[in-house]
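Have a look at start-v6.txt; it's compact mmCIF, C-alpha atoms:
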# COMPACT_ATOMS: atom_id res chain seq x y z
CA MET A 10 59.30 71.75 10.63
CA LYS A 11 62.95 70.75 10.86
CA PRO A 12 63.57 67.54 12.80
CA SER A 13 67.13 66.79 13.86
CA CYS A 14 68.65 63.46 14.79
CA LYS A 15 69.78 64.94 18.11
CA TRP A 16 67.15 63.24 20.25
CA PRO A 17 65.08 64.05 22.23
CA SER A 18 64.97 67.62 20.94
CA ALA A 19 63.76 66.50 17.52
CA VAL A 20 60.19 67.04 16.31
CA ILE A 21 58.57 63.77 15.23
CA PHE A 22 56.83 63.95 11.84
CA LYS A 23 55.08 60.99 10.20
CA PHE A 24 56.17 60.58 6.63
CA PRO A 25 55.26 57.77 4.21
CA HIS A 26 57.05 54.47 3.77
CA LEU A 27 55.82 51.59 1.65
CA CYS A 28 58.75 49.28 0.86
CA TYR A 29 59.94 49.38 4.48
CA LYS A 30 58.53 46.96 7.06
CA ASP A 31 59.83 45.94 10.46
CA GLY A 32 61.73 42.68 10.20
CA LEU A 33 62.64 43.13 6.52
CA ALA A 34 65.94 44.48 5.27
CA PRO A 35 65.61 48.07 3.97
CA ASP A 36 65.33 48.21 0.19
CA GLY A 37 64.73 51.88 -0.64
CA ASN A 38 62.87 51.20 -3.88
CA CYS A 39 59.50 52.90 -3.35
CA ARG A 40 61.08 56.36 -2.76
CA ALA A 41 58.07 57.43 -0.70
CA CYS A 42 60.18 58.21 2.37
CA MET A 43 62.50 60.76 0.76
CA VAL A 44 63.91 63.37 3.14
CA GLU A 45 66.16 66.38 2.79
CA ILE A 46 69.48 66.34 4.65
CA ASP A 47 71.28 69.61 5.25
CA GLY A 48 74.46 69.82 3.19
CA GLU A 49 73.47 67.13 0.68
CA ARG A 50 72.54 67.92 -2.90
CA VAL A 51 69.91 65.22 -3.45
CA LEU A 52 67.10 63.82 -1.38
CA ALA A 53 67.74 60.56 0.48
CA PRO A 54 65.52 57.53 1.21
CA SER A 55 65.29 57.59 4.99
CA CYS A 56 64.92 53.80 5.31
CA CYS A 57 68.42 53.30 3.90
CA ARG A 58 70.21 56.03 5.86
CA LYS A 59 71.47 55.92 9.42
CA PRO A 60 71.64 59.15 11.42
CA THR A 61 75.04 60.49 12.38
CA GLU A 62 76.08 63.00 15.01
CA GLY A 63 74.98 66.50 14.02
CA MET A 64 72.91 65.42 11.01
CA VAL A 65 69.92 67.71 10.38
CA ILE A 66 67.02 65.99 8.61
CA ASN A 67 64.18 67.86 6.94
CA SER A 68 61.36 65.34 6.62
CA ALA A 69 58.61 67.91 6.11
CA SER A 70 60.34 70.55 4.03
CA GLU A 71 58.60 71.74 0.86
CA ARG A 72 61.07 69.87 -1.33
CA ALA A 73 60.75 66.61 0.62
CA GLN A 74 56.96 66.75 0.76
CA LYS A 75 56.67 67.46 -2.97
CA SER A 76 58.74 64.36 -3.66
CA GLN A 77 56.72 62.23 -1.23
CA LYS A 78 53.41 63.38 -2.69
CA MET A 79 54.56 62.88 -6.27
CA VAL A 80 55.60 59.28 -5.56
CA LEU A 81 52.26 58.55 -3.89
CA GLU A 82 50.34 60.16 -6.75
CA LEU A 83 52.23 58.11 -9.35
CA LEU A 84 51.54 54.90 -7.44
CA LEU A 85 47.87 55.84 -6.94
CA SER A 86 47.46 56.28 -10.70
CA ASP A 87 48.09 52.56 -11.13
CA MET A 88 45.69 51.46 -8.40
CA PRO A 89 42.51 49.75 -9.69
CA GLU A 90 39.08 51.05 -8.75
CA GLU A 91 38.43 47.83 -6.89
CA THR A 92 39.76 47.70 -3.33
CA PHE A 93 41.47 44.50 -2.24
CA SER A 94 42.36 45.48 1.33
CA PRO A 95 40.63 47.70 3.89
CA ASN A 96 44.10 48.56 5.22
CA ASN A 97 45.75 49.71 2.00
CA GLU A 98 48.85 51.54 3.23
CA LEU A 99 49.19 53.49 -0.02
CA THR A 100 45.74 55.07 0.23
CA GLN A 101 46.21 55.68 3.96
CA TRP A 102 49.45 57.60 3.38
CA ALA A 103 47.88 59.49 0.45
CA LYS A 104 45.04 60.57 2.70
CA HIS A 105 47.48 61.54 5.48
CA LEU A 106 49.45 63.83 3.12
CA GLU A 107 46.31 65.05 1.33
CA VAL A 108 47.54 63.86 -2.07
CA GLN A 109 45.39 65.03 -4.97
CA ALA A 110 43.61 62.75 -7.42
CA PRO A 111 46.13 61.20 -9.84
CA ARG A 112 46.76 63.16 -13.05
CA PHE A 113 48.62 60.36 -14.81
CA GLU A 114 47.49 57.62 -17.14
CA ALA A 115 47.03 54.24 -15.48
CA ARG A 116 49.01 51.19 -16.51
CA PRO A 117 47.25 48.34 -18.38
CA ARG A 118 45.11 46.16 -16.15
CA VAL A 119 46.63 42.93 -14.83
CA LYS A 120 44.57 39.74 -14.69
CA ALA A 121 43.92 38.30 -11.24
CA ASP A 122 45.36 34.89 -10.36
CA SER A 123 43.03 32.66 -8.32
CA SER A 124 44.92 29.41 -8.86
CA HIS A 125 46.11 29.12 -5.24
CA PRO A 126 43.62 27.62 -2.76
CA ALA A 127 44.57 29.97 0.08
CA ILE A 128 46.04 33.13 -1.46
CA ALA A 129 44.46 35.51 -3.96
CA VAL A 130 46.91 37.26 -6.29
CA ASN A 131 45.76 40.70 -7.48
CA LEU A 132 48.84 42.18 -9.16
CA ASP A 133 46.60 45.00 -10.37
CA ALA A 134 47.20 46.47 -6.91
CA CYS A 135 50.94 45.67 -6.82
CA ILE A 136 53.27 48.65 -6.31
CA GLN A 137 56.39 46.48 -6.68
CA CYS A 138 57.67 47.38 -3.23
CA THR A 139 59.18 43.84 -3.06
CA ARG A 140 58.07 43.33 0.55
CA CYS A 141 56.56 39.99 -0.50
CA LEU A 142 59.78 39.00 -2.25
CA ARG A 143 61.92 39.80 0.81
CA ALA A 144 59.46 38.07 3.14
CA CYS A 145 59.60 34.91 1.01
CA ARG A 146 63.35 35.05 0.42
CA ASP A 147 64.77 36.44 3.66
CA ILE A 148 62.27 35.43 6.37
CA GLN A 149 60.78 32.11 5.22
CA VAL A 150 63.66 31.33 2.81
CA ASN A 151 61.33 29.60 0.38
CA ASP A 152 62.65 31.52 -2.66
CA VAL A 153 59.38 31.28 -4.58
CA ILE A 154 58.73 34.97 -5.30
CA GLY A 155 61.01 36.82 -7.71
CA TYR A 156 61.21 40.08 -9.66
CA ALA A 157 61.29 39.71 -13.43
CA LYS A 158 61.82 41.83 -16.54
CA ARG A 159 62.81 45.50 -16.67
CA GLY A 160 61.33 48.97 -16.97
CA ALA A 161 57.59 49.23 -17.53
CA GLU A 162 57.35 45.44 -17.88
CA SER A 163 58.80 44.71 -14.41
CA LYS A 164 56.62 42.50 -12.29
CA ILE A 165 56.45 40.09 -9.37
CA VAL A 166 56.59 36.43 -10.45
CA PHE A 167 56.29 33.02 -8.80
CA ASP A 168 59.10 30.62 -9.75
CA ILE A 169 59.48 31.04 -13.53
CA ASP A 170 56.35 33.18 -13.93
CA ASP A 171 54.01 30.32 -13.05
CA PRO A 172 50.49 30.76 -11.68
CA MET A 173 50.88 30.86 -7.92
CA GLY A 174 48.89 27.66 -7.49
CA ASP A 175 51.26 25.81 -9.85
CA SER A 176 54.43 27.17 -8.28
CA SER A 177 56.49 25.70 -5.42
CA CYS A 178 54.70 28.01 -2.93
CA VAL A 179 54.10 26.27 0.41
CA GLY A 180 51.28 28.63 1.40
CA CYS A 181 52.93 30.10 4.51
CA GLY A 182 51.28 33.45 3.77
CA GLU A 183 54.29 35.53 4.83
CA CYS A 184 53.85 37.48 1.59
CA VAL A 185 50.21 38.15 2.48
CA GLN A 186 51.23 39.57 5.84
CA ALA A 187 53.90 41.72 4.19
CA CYS A 188 51.83 43.14 1.29
CA PRO A 189 50.80 46.78 1.88
CA THR A 190 48.06 47.06 -0.74
CA GLY A 191 46.16 43.76 -0.94
CA ALA A 192 47.91 42.53 -4.09
CA LEU A 193 48.36 39.34 -2.08
CA MET A 194 45.49 38.51 0.23
CA PRO A 195 43.66 35.52 1.74
CA SER A 196 41.43 33.94 -0.88
CA LYS A 197 37.62 34.08 -0.93
CA GLY A 198 37.64 37.75 0.05
CA ALA A 199 38.47 37.09 3.70
CA GLY A 200 41.03 39.89 3.73
CA MET A 201 38.35 42.48 2.94
CA ILE A 202 36.26 41.63 5.99
CA ILE A 203 36.65 44.07 8.87
CA PRO A 204 36.64 41.98 12.06
CA ASP A 205 34.42 42.64 15.08
CA LYS A 206 37.23 41.68 17.45
CA GLN A 207 40.71 40.23 17.62
CA VAL A 208 41.67 37.32 19.85
CA ASP A 209 45.30 36.61 20.69
CA SER A 210 46.14 32.92 20.93
CA ILE A 211 48.73 30.20 20.31
CA CYS A 212 48.74 28.07 17.16
CA PRO A 213 47.01 24.73 17.94
CA TYR A 214 49.17 22.62 15.65
CA CYS A 215 52.82 21.68 16.27
CA GLY A 216 54.90 22.43 19.36
CA VAL A 217 56.87 25.44 18.10
CA GLY A 218 54.48 27.70 20.01
CA CYS A 219 53.77 30.40 17.41
CA GLN A 220 51.69 33.29 18.70
CA LEU A 221 48.91 34.52 16.45
CA THR A 222 45.84 36.72 16.35
CA TYR A 223 42.43 35.48 15.22
CA ASN A 224 40.36 38.13 13.43
CA VAL A 225 36.74 37.32 14.24
CA LYS A 226 33.54 38.50 12.55
CA GLU A 227 30.14 37.44 13.91
CA ASN A 228 31.76 34.70 16.00
CA LYS A 229 33.60 33.26 13.01
CA ILE A 230 37.34 33.34 12.34
CA VAL A 231 37.83 35.13 9.02
CA PHE A 232 41.63 35.38 8.83
CA VAL A 233 44.73 34.96 10.97
CA GLU A 234 47.79 37.14 11.49
CA GLY A 235 51.12 36.24 13.05
CA ARG A 236 51.93 37.90 16.37
CA ASN A 237 55.36 38.94 17.59
CA GLY A 238 55.99 36.06 19.99
CA PRO A 239 59.39 34.74 21.08
CA ALA A 240 59.03 31.53 19.04
CA ASN A 241 57.86 33.00 15.74
CA GLU A 242 58.32 36.83 15.73
CA GLY A 243 55.22 37.18 13.56
CA ARG A 244 55.90 34.20 11.30
CA LEU A 245 53.35 31.47 10.60
CA CYS A 246 53.13 28.41 8.36
CA VAL A 247 50.27 27.31 6.12
CA LYS A 248 48.60 25.43 8.99
CA GLY A 249 48.73 28.30 11.45
CA ARG A 250 47.63 30.95 8.96
CA PHE A 251 45.02 29.12 6.91
CA GLY A 252 44.20 25.89 8.74
CA PHE A 253 41.40 27.18 10.95
CA ASP A 254 38.31 26.18 8.93
CA TYR A 255 37.88 23.03 11.02
CA VAL A 256 36.58 25.30 13.81
CA HIS A 257 33.46 26.00 11.74
CA ASN A 258 32.99 22.49 10.39
CA THR A 259 29.38 21.37 10.71
CA GLU A 260 30.53 18.02 12.15
CA ARG A 261 32.49 19.62 14.98
CA LEU A 262 31.17 18.76 18.45
CA THR A 263 30.36 21.86 20.48
CA LYS A 264 28.31 20.22 23.26
CA PRO A 265 28.76 16.99 25.23
CA LEU A 266 26.91 13.97 23.84
CA ILE A 267 25.82 10.79 25.62
CA ARG A 268 24.68 7.65 23.82
CA ARG A 269 20.90 7.28 23.87
CA SER A 270 19.57 4.51 26.10
CA ASP A 271 17.45 3.12 23.25
CA VAL A 272 20.49 2.66 20.97
CA PRO A 273 22.60 -0.31 22.12
CA LYS A 274 26.37 0.02 21.94
CA THR A 275 28.04 -1.93 19.11
CA ALA A 276 31.46 -1.93 17.48
CA ASP A 277 29.90 -1.47 14.07
CA MET A 278 29.43 2.21 13.17
CA THR A 279 28.49 1.51 9.54
CA GLY A 280 25.92 3.97 8.30
CA PHE A 281 26.59 6.52 11.03
CA ASP A 282 26.29 10.08 9.70
CA PRO A 283 28.59 12.47 11.65
CA SER A 284 26.42 15.41 10.62
CA LYS A 285 23.44 13.78 12.39
CA PRO A 286 24.76 12.58 15.77
CA GLU A 287 21.26 12.74 17.26
CA ALA A 288 20.54 9.37 15.63
CA ILE A 289 22.71 7.71 18.30
CA PHE A 290 23.51 10.39 20.88
CA ARG A 291 21.67 13.01 22.90
CA GLU A 292 22.91 16.35 24.13
CA ALA A 293 23.96 16.65 27.76
CA SER A 294 25.33 19.30 30.09
CA TRP A 295 29.02 19.28 31.03
CA ASP A 296 28.19 18.26 34.60
CA GLU A 297 26.05 15.32 33.44
CA ALA A 298 28.68 14.19 30.91
CA LEU A 299 31.52 14.36 33.45
CA ASP A 300 29.48 12.51 36.07
CA PHE A 301 28.54 9.87 33.50
CA ALA A 302 32.20 9.35 32.46
CA ALA A 303 33.40 9.26 36.09
CA ALA A 304 30.73 6.69 37.00
CA GLY A 305 31.85 4.46 34.12
CA LEU A 306 35.50 4.62 35.18
CA LYS A 307 34.59 3.99 38.80
CA LYS A 308 32.53 0.94 37.78
CA ILE A 309 35.51 -0.55 35.92
CA LEU A 310 37.84 0.21 38.83
CA GLU A 311 35.56 -1.52 41.36
CA ARG A 312 34.92 -4.51 39.10
CA ASP A 313 38.33 -5.15 37.51
CA GLY A 314 40.87 -3.17 39.53
CA GLY A 315 43.32 -0.44 38.59
CA ASN A 316 45.19 -2.51 35.99
CA ALA A 317 42.09 -2.39 33.79
CA LEU A 318 42.52 1.40 33.42
CA ALA A 319 45.24 3.45 31.76
CA GLY A 320 45.93 7.05 30.84
CA LEU A 321 47.75 8.58 27.85
CA GLY A 322 48.77 12.23 28.25
CA SER A 323 49.02 14.81 25.49
CA ALA A 324 51.97 16.98 24.48
CA LYS A 325 49.52 19.87 24.10
CA GLY A 326 49.30 20.15 27.89
CA SER A 327 51.66 22.10 30.12
CA ASN A 328 54.10 20.49 32.57
CA GLU A 329 51.66 21.26 35.39
CA GLU A 330 48.78 19.63 33.53
CA ALA A 331 50.94 16.57 32.81
CA TYR A 332 51.74 16.28 36.52
CA LEU A 333 48.06 16.51 37.51
CA PHE A 334 47.13 13.96 34.84
CA GLN A 335 49.61 11.33 36.07
CA LYS A 336 48.52 12.02 39.64
CA LEU A 337 44.91 11.35 38.67
CA ILE A 338 45.87 8.00 37.09
CA ARG A 339 48.13 6.89 39.95
CA THR A 340 45.99 8.01 42.90
CA GLY A 341 42.49 8.16 41.44
CA PHE A 342 42.65 5.12 39.16
CA LYS A 343 45.16 3.32 41.40
CA SER A 344 47.13 2.39 38.31
CA ASN A 345 50.69 2.88 37.06
CA ASN A 346 49.50 2.48 33.46
CA VAL A 347 50.23 6.08 32.48
CA ASP A 348 52.19 7.23 29.46
CA HIS A 349 52.75 10.25 27.26
CA CYS A 350 52.83 10.63 23.50
CA THR A 351 56.26 12.29 23.61
CA ARG A 352 57.85 9.04 24.84
CA LEU A 353 57.11 7.53 21.46
CA CYS A 354 57.84 10.33 19.00
CA HIS A 355 60.81 11.77 20.93
CA ALA A 356 62.26 8.59 22.39
CA SER A 357 65.51 8.85 20.42
CA SER A 358 66.05 12.54 21.15
CA VAL A 359 65.32 12.04 24.86
CA VAL A 360 68.00 9.32 25.05
CA ALA A 361 70.50 11.51 23.18
CA LEU A 362 69.81 14.52 25.41
CA LEU A 363 70.13 12.38 28.55
CA GLU A 364 73.49 11.04 27.42
CA GLY A 365 74.81 14.36 26.10
CA LEU A 366 73.41 16.90 28.55
CA GLY A 367 72.07 14.87 31.46
CA SER A 368 68.48 16.00 30.87
CA GLY A 369 65.88 14.74 28.43
CA ALA A 370 64.31 18.21 28.05
CA VAL A 371 65.02 20.59 25.18
CA SER A 372 67.65 23.04 26.37
CA ASN A 373 67.24 25.98 23.97
CA PRO A 374 64.58 27.83 21.98
CA MET A 375 64.59 27.15 18.24
CA GLY A 376 65.86 30.65 17.43
CA ASP A 377 69.16 29.93 19.14
CA VAL A 378 70.35 28.12 16.02
CA SER A 379 71.34 31.58 14.80
CA ASP A 380 74.20 31.46 17.33
CA SER A 381 75.41 28.02 16.19
CA ASP A 382 78.34 27.23 13.94
CA VAL A 383 76.92 23.87 12.85
CA ILE A 384 73.42 22.37 12.75
CA ILE A 385 72.97 18.58 12.55
CA ILE A 386 69.56 17.21 11.52
CA THR A 387 68.95 13.47 11.71
CA GLY A 388 65.67 11.61 11.53
CA ALA A 389 63.65 14.80 11.17
CA ASN A 390 61.96 16.85 8.45
CA PRO A 391 61.51 20.30 10.03
CA THR A 392 60.17 22.07 6.93
CA VAL A 393 57.17 19.69 7.01
CA ASN A 394 56.69 19.06 10.74
CA HIS A 395 57.81 22.40 12.22
CA PRO A 396 57.92 24.88 9.31
CA VAL A 397 58.44 28.04 11.37
CA GLY A 398 61.20 26.35 13.36
CA ALA A 399 62.82 25.45 10.03
CA THR A 400 62.87 29.12 9.00
CA TRP A 401 65.25 29.90 11.87
CA MET A 402 67.57 27.16 10.63
CA LYS A 403 67.42 28.49 7.07
CA ASN A 404 68.07 32.04 8.30
CA ALA A 405 71.12 30.83 10.22
CA ILE A 406 72.42 28.93 7.17
CA LYS A 407 72.13 32.08 5.03
CA ASN A 408 74.29 33.83 7.62
CA GLY A 409 77.04 31.23 7.46
CA THR A 410 75.98 28.38 9.75
CA LYS A 411 76.78 24.96 8.28
CA LEU A 412 74.11 22.25 8.03
CA ILE A 413 74.88 18.54 8.15
CA LEU A 414 71.83 16.53 7.10
CA LEU A 415 71.71 12.82 7.93
CA ASP A 416 68.75 11.40 6.03
CA PRO A 417 68.23 8.73 3.37
CA ARG A 418 65.63 11.02 1.80
CA ARG A 419 66.15 14.29 -0.05
CA SER A 420 63.99 16.64 1.99
CA GLU A 421 63.55 20.35 1.30
CA MET A 422 66.43 21.06 3.70
CA THR A 423 68.80 19.20 1.36
CA ARG A 424 69.30 22.26 -0.84
CA HIS A 425 70.49 24.21 2.21
CA ALA A 426 72.82 21.50 3.49
CA THR A 427 76.60 21.85 3.45
CA HIS A 428 76.80 18.06 3.62
CA HIS A 429 73.97 15.59 2.95
CA ILE A 430 74.72 12.06 4.11
CA ALA A 431 72.11 9.86 2.45
CA PHE A 432 72.85 6.66 4.34
CA LYS A 433 71.17 3.39 3.42
CA PRO A 434 68.61 2.44 6.09
CA ALA A 435 68.95 -1.02 7.59
CA PRO A 436 66.18 -3.61 6.92
CA MET A 437 63.36 -3.43 9.45
CA TRP A 438 63.76 -7.10 10.41
CA ARG A 439 67.03 -6.27 12.18
CA TYR A 440 65.03 -4.34 14.79

Represent the structure of the file as structure tokens.
Amino acid sequence: MKPSCKWPSAVIFKFPHLCYKDGLAPDGNCRACMVEIDGERVLAPSCCRKPTEGMVINSASERAQKSQKMVLELLLSDMPEETFSPNNELTQWAKHLEVQAPRFEARPRVKADSSHPAIAVNLDACIQCTRCLRACRDIQVNDVIGYAKRGAESKIVFDIDDPMGDSSCVGCGECVQACPTGALMPSKGAGMIIPDKQVDSICPYCGVGCQLTYNVKENKIVFVEGRNGPANEGRLCVKGRFGFDYVHNTERLTKPLIRRSDVPKTADMTGFDPSKPEAIFREASWDEALDFAAAGLKKILERDGGNALAGLGSAKGSNEEAYLFQKLIRTGFKSNNVDHCTRLCHASSVVALLEGLGSGAVSNPMGDVSDSDVIIITGANPTVNHPVGATWMKNAIKNGTKLILLDPRRSEMTRHATHHIAFKPAPMWRY
């Protein structure tokens, strides 16, 4: 089988790759993807070579396959008996190429690190492909994961070889998504669970709009993966990747409740147990609950007039939903007491956009910062409030964009700033 780069006449042959992953810069360190190129003396890592006109590539020649199988066998010899991931790419490629049982002595066992609340570290299964390092350094730009020592003692480390839970790791889980063997996985064994189904969705937290996939087992979310959406391109933060346990909280309401008629309404909720709502409320159908709420609003409207009612919209809704909501308040409630949470938290940016661009709406997606020469951040802390959005800024800065940070605090973005203007805030009484 002799594939050529002269497409489409080439024959496609699947050959292994472990250190390569879409979205990461090629590294060429695992040497599993070695191919033979006509006219060249030595084999070449295909992930680091670009085809040229007339190049003839032998990806399935005897010499190339012997090299590929030897690399996989050497890596397999260091794999522990315990499996940390049902989708171990190393064992999948070994099975695909029919690699024999390892003949080599295994390395000394490495102790597991369970210090992190969300991520399990099993360096016993690490093949030192550095995908986690590049994901942390180049995608999220958190610079927590490093590569230390030399030769047989080389290993992945967190900060200065700290336990992961004691390091500066922010728990974004990009390393978990990048790891091919399960050396880094969701804690509590969630990564070993094979889901019944996958549900594509949007992260319910901030407004960046990250697309994700929920992996569900027996109607429970077991782990989350980033999806290649326009806002995140597979990236997630700690909230989007690990902050889903509230869905299964025993105190979460899953059915409408109406206060029992034998329990009078009071402002004092002392002694109320959220896990036992039946002490005060009874279950109701959606139709009954909606009718009950509508009757209460109608009673207030008839008794006190429209000024007694108000509506506060949510930024989680779409533009169309916001329009329908204000129409309900104005026409149904006969009230102009309608507002939106964005007016408060984005009041300053809306004024600035109106003055600068003539529109109070955001004009560009977050990723467009990569095309900017200068980024100015004032009154915001994107690494905390919009972590995935902050990664695009950090990526742009690494590529030469300048950052001017106007903030009396030293936020995490300070270390990326070309200029940090730590102005002294005026006393509150002046406002």

For atom CA of A:Val371 and atom CA of A:Asn328, determine how far apart the two atoms are, in Å to one decimal place.
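Separation of atom CA of A:Val371 and atom CA of A:Asn328: 13.2 Å.
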
Selection: 12 Å around A:Leu353, all atoms listed in the file, excl. self and same-chain fewer than 6 positions, as a list in words
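The neighbour list is Leu321, Gly322, Ser323, Ala324, Val359 and Val360 of chain A.
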
Selected residues written out, C-alpha atoms, as a PDB file, in the coordinates of the input:
ATOM      1  CA  LEU A 321      47.750   8.580  27.850  1.00  0.00           C
ATOM      2  CA  GLY A 322      48.770  12.230  28.250  1.00  0.00           C
ATOM      3  CA  SER A 323      49.020  14.810  25.490  1.00  0.00           C
ATOM      4  CA  ALA A 324      51.970  16.980  24.480  1.00  0.00           C
ATOM      5  CA  VAL A 359      65.320  12.040  24.860  1.00  0.00           C
ATOM      6  CA  VAL A 360      68.000   9.320  25.050  1.00  0.00           C
TER       7      VAL A 360
END

Counting all atoms listed in the file, find residues at most 6 Å from (65.3, 66.3, 7.3) (file frame) and give them as a list in words.
Pro12, Val44, Glu45, Ile46, Val65, Ile66, Asn67 and Ser68 of chain A

Nearest candidate to A:Gln101 (options A:Ala115, A:Cys178, A:Leu27, A:Cys188; using all atoms listed in the file):
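Among A:Ala115, A:Cys178, A:Leu27, A:Cys188, it is A:Leu27 that comes nearest to A:Gln101.
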
How many Å separate atom CA of A:Leu84 from atom CA of A:Gly155?
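Value for the atom CA of A:Leu84-atom CA of A:Gly155 distance: 20.4 Å.
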
Find the distance between atom CA of A:Phe24 and atom CA of A:Arg72 and write it in Å to one decimal.
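Computing the Euclidean distance for atom CA of A:Phe24 and atom CA of A:Arg72 yields 13.2 Å.
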
Excluding A:Ala41 and any residue of its chain fewer than 2 positions from it, enumerate the residues within 10 Å of it, using all atoms listed in the file, and give them as a list of chain:residue names.
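In the requested form, the answer reads A:Phe24, A:Pro25, A:His26, A:Leu27, A:Cys28, A:Tyr29, A:Gly37, A:Asn38, A:Cys39, A:Met43, A:Val44, A:Pro54, A:Ser55, A:Cys56, A:Ala73, A:Gln74, A:Ser76, A:Gln77, A:Lys78, A:Met79, A:Val80, A:Leu81, A:Leu84, A:Leu99, A:Trp102.
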
Name the residues in contact with A:Asn346 at a cut-off of 8 Å, using only C-alpha atoms, excluding same-chain residues fewer than 6 positions from it; report them as a list of chain:residue names.
A:Asn316, A:Leu318, A:Ala319, A:Gly320, A:Ile338, A:Arg339

Using all atoms listed in the file, can you tell me which of A:Lys325, A:Ala276, A:Cys181, A:Ser270 comes closest to A:Ile289?
A:Ser270

Using all atoms listed in the file, can you tell me which of A:Leu132, A:Met402, A:Leu266, A:Leu414 comes closest to A:Phe432?
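Once distances to A:Phe432 are computed over all atoms listed in the file, the minimum belongs to A:Leu414.
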
Given the choices A:Asp133, A:Glu297, A:Asp277, A:Glu287, which gets closest to A:Gly191 if the distance is worked out from all atoms listed in the file?
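Answer, going by the shortest atom-to-atom distance: A:Asp133.
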
Using all atoms listed in the file, the residue out of A:Cys350, A:Ile211, A:Ala134, A:Ala288 with shortest distance to A:Pro273 is A:Ala288

Would you please work out which residue, of A:Trp401, A:Phe253, A:Tyr332, A:Phe167, is nearest to A:Ser124 when using only C-alpha atoms?
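Of the candidates, the smallest distance to A:Ser124 is held by A:Phe167.
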
Could you pull the residues within 6 Å of stretch 229-244 of chain A, counting only C-alpha atoms, minus those fewer than 4 positions along the same chain, as a PyMOL selection string?
chain A and resi 199+219-225+250
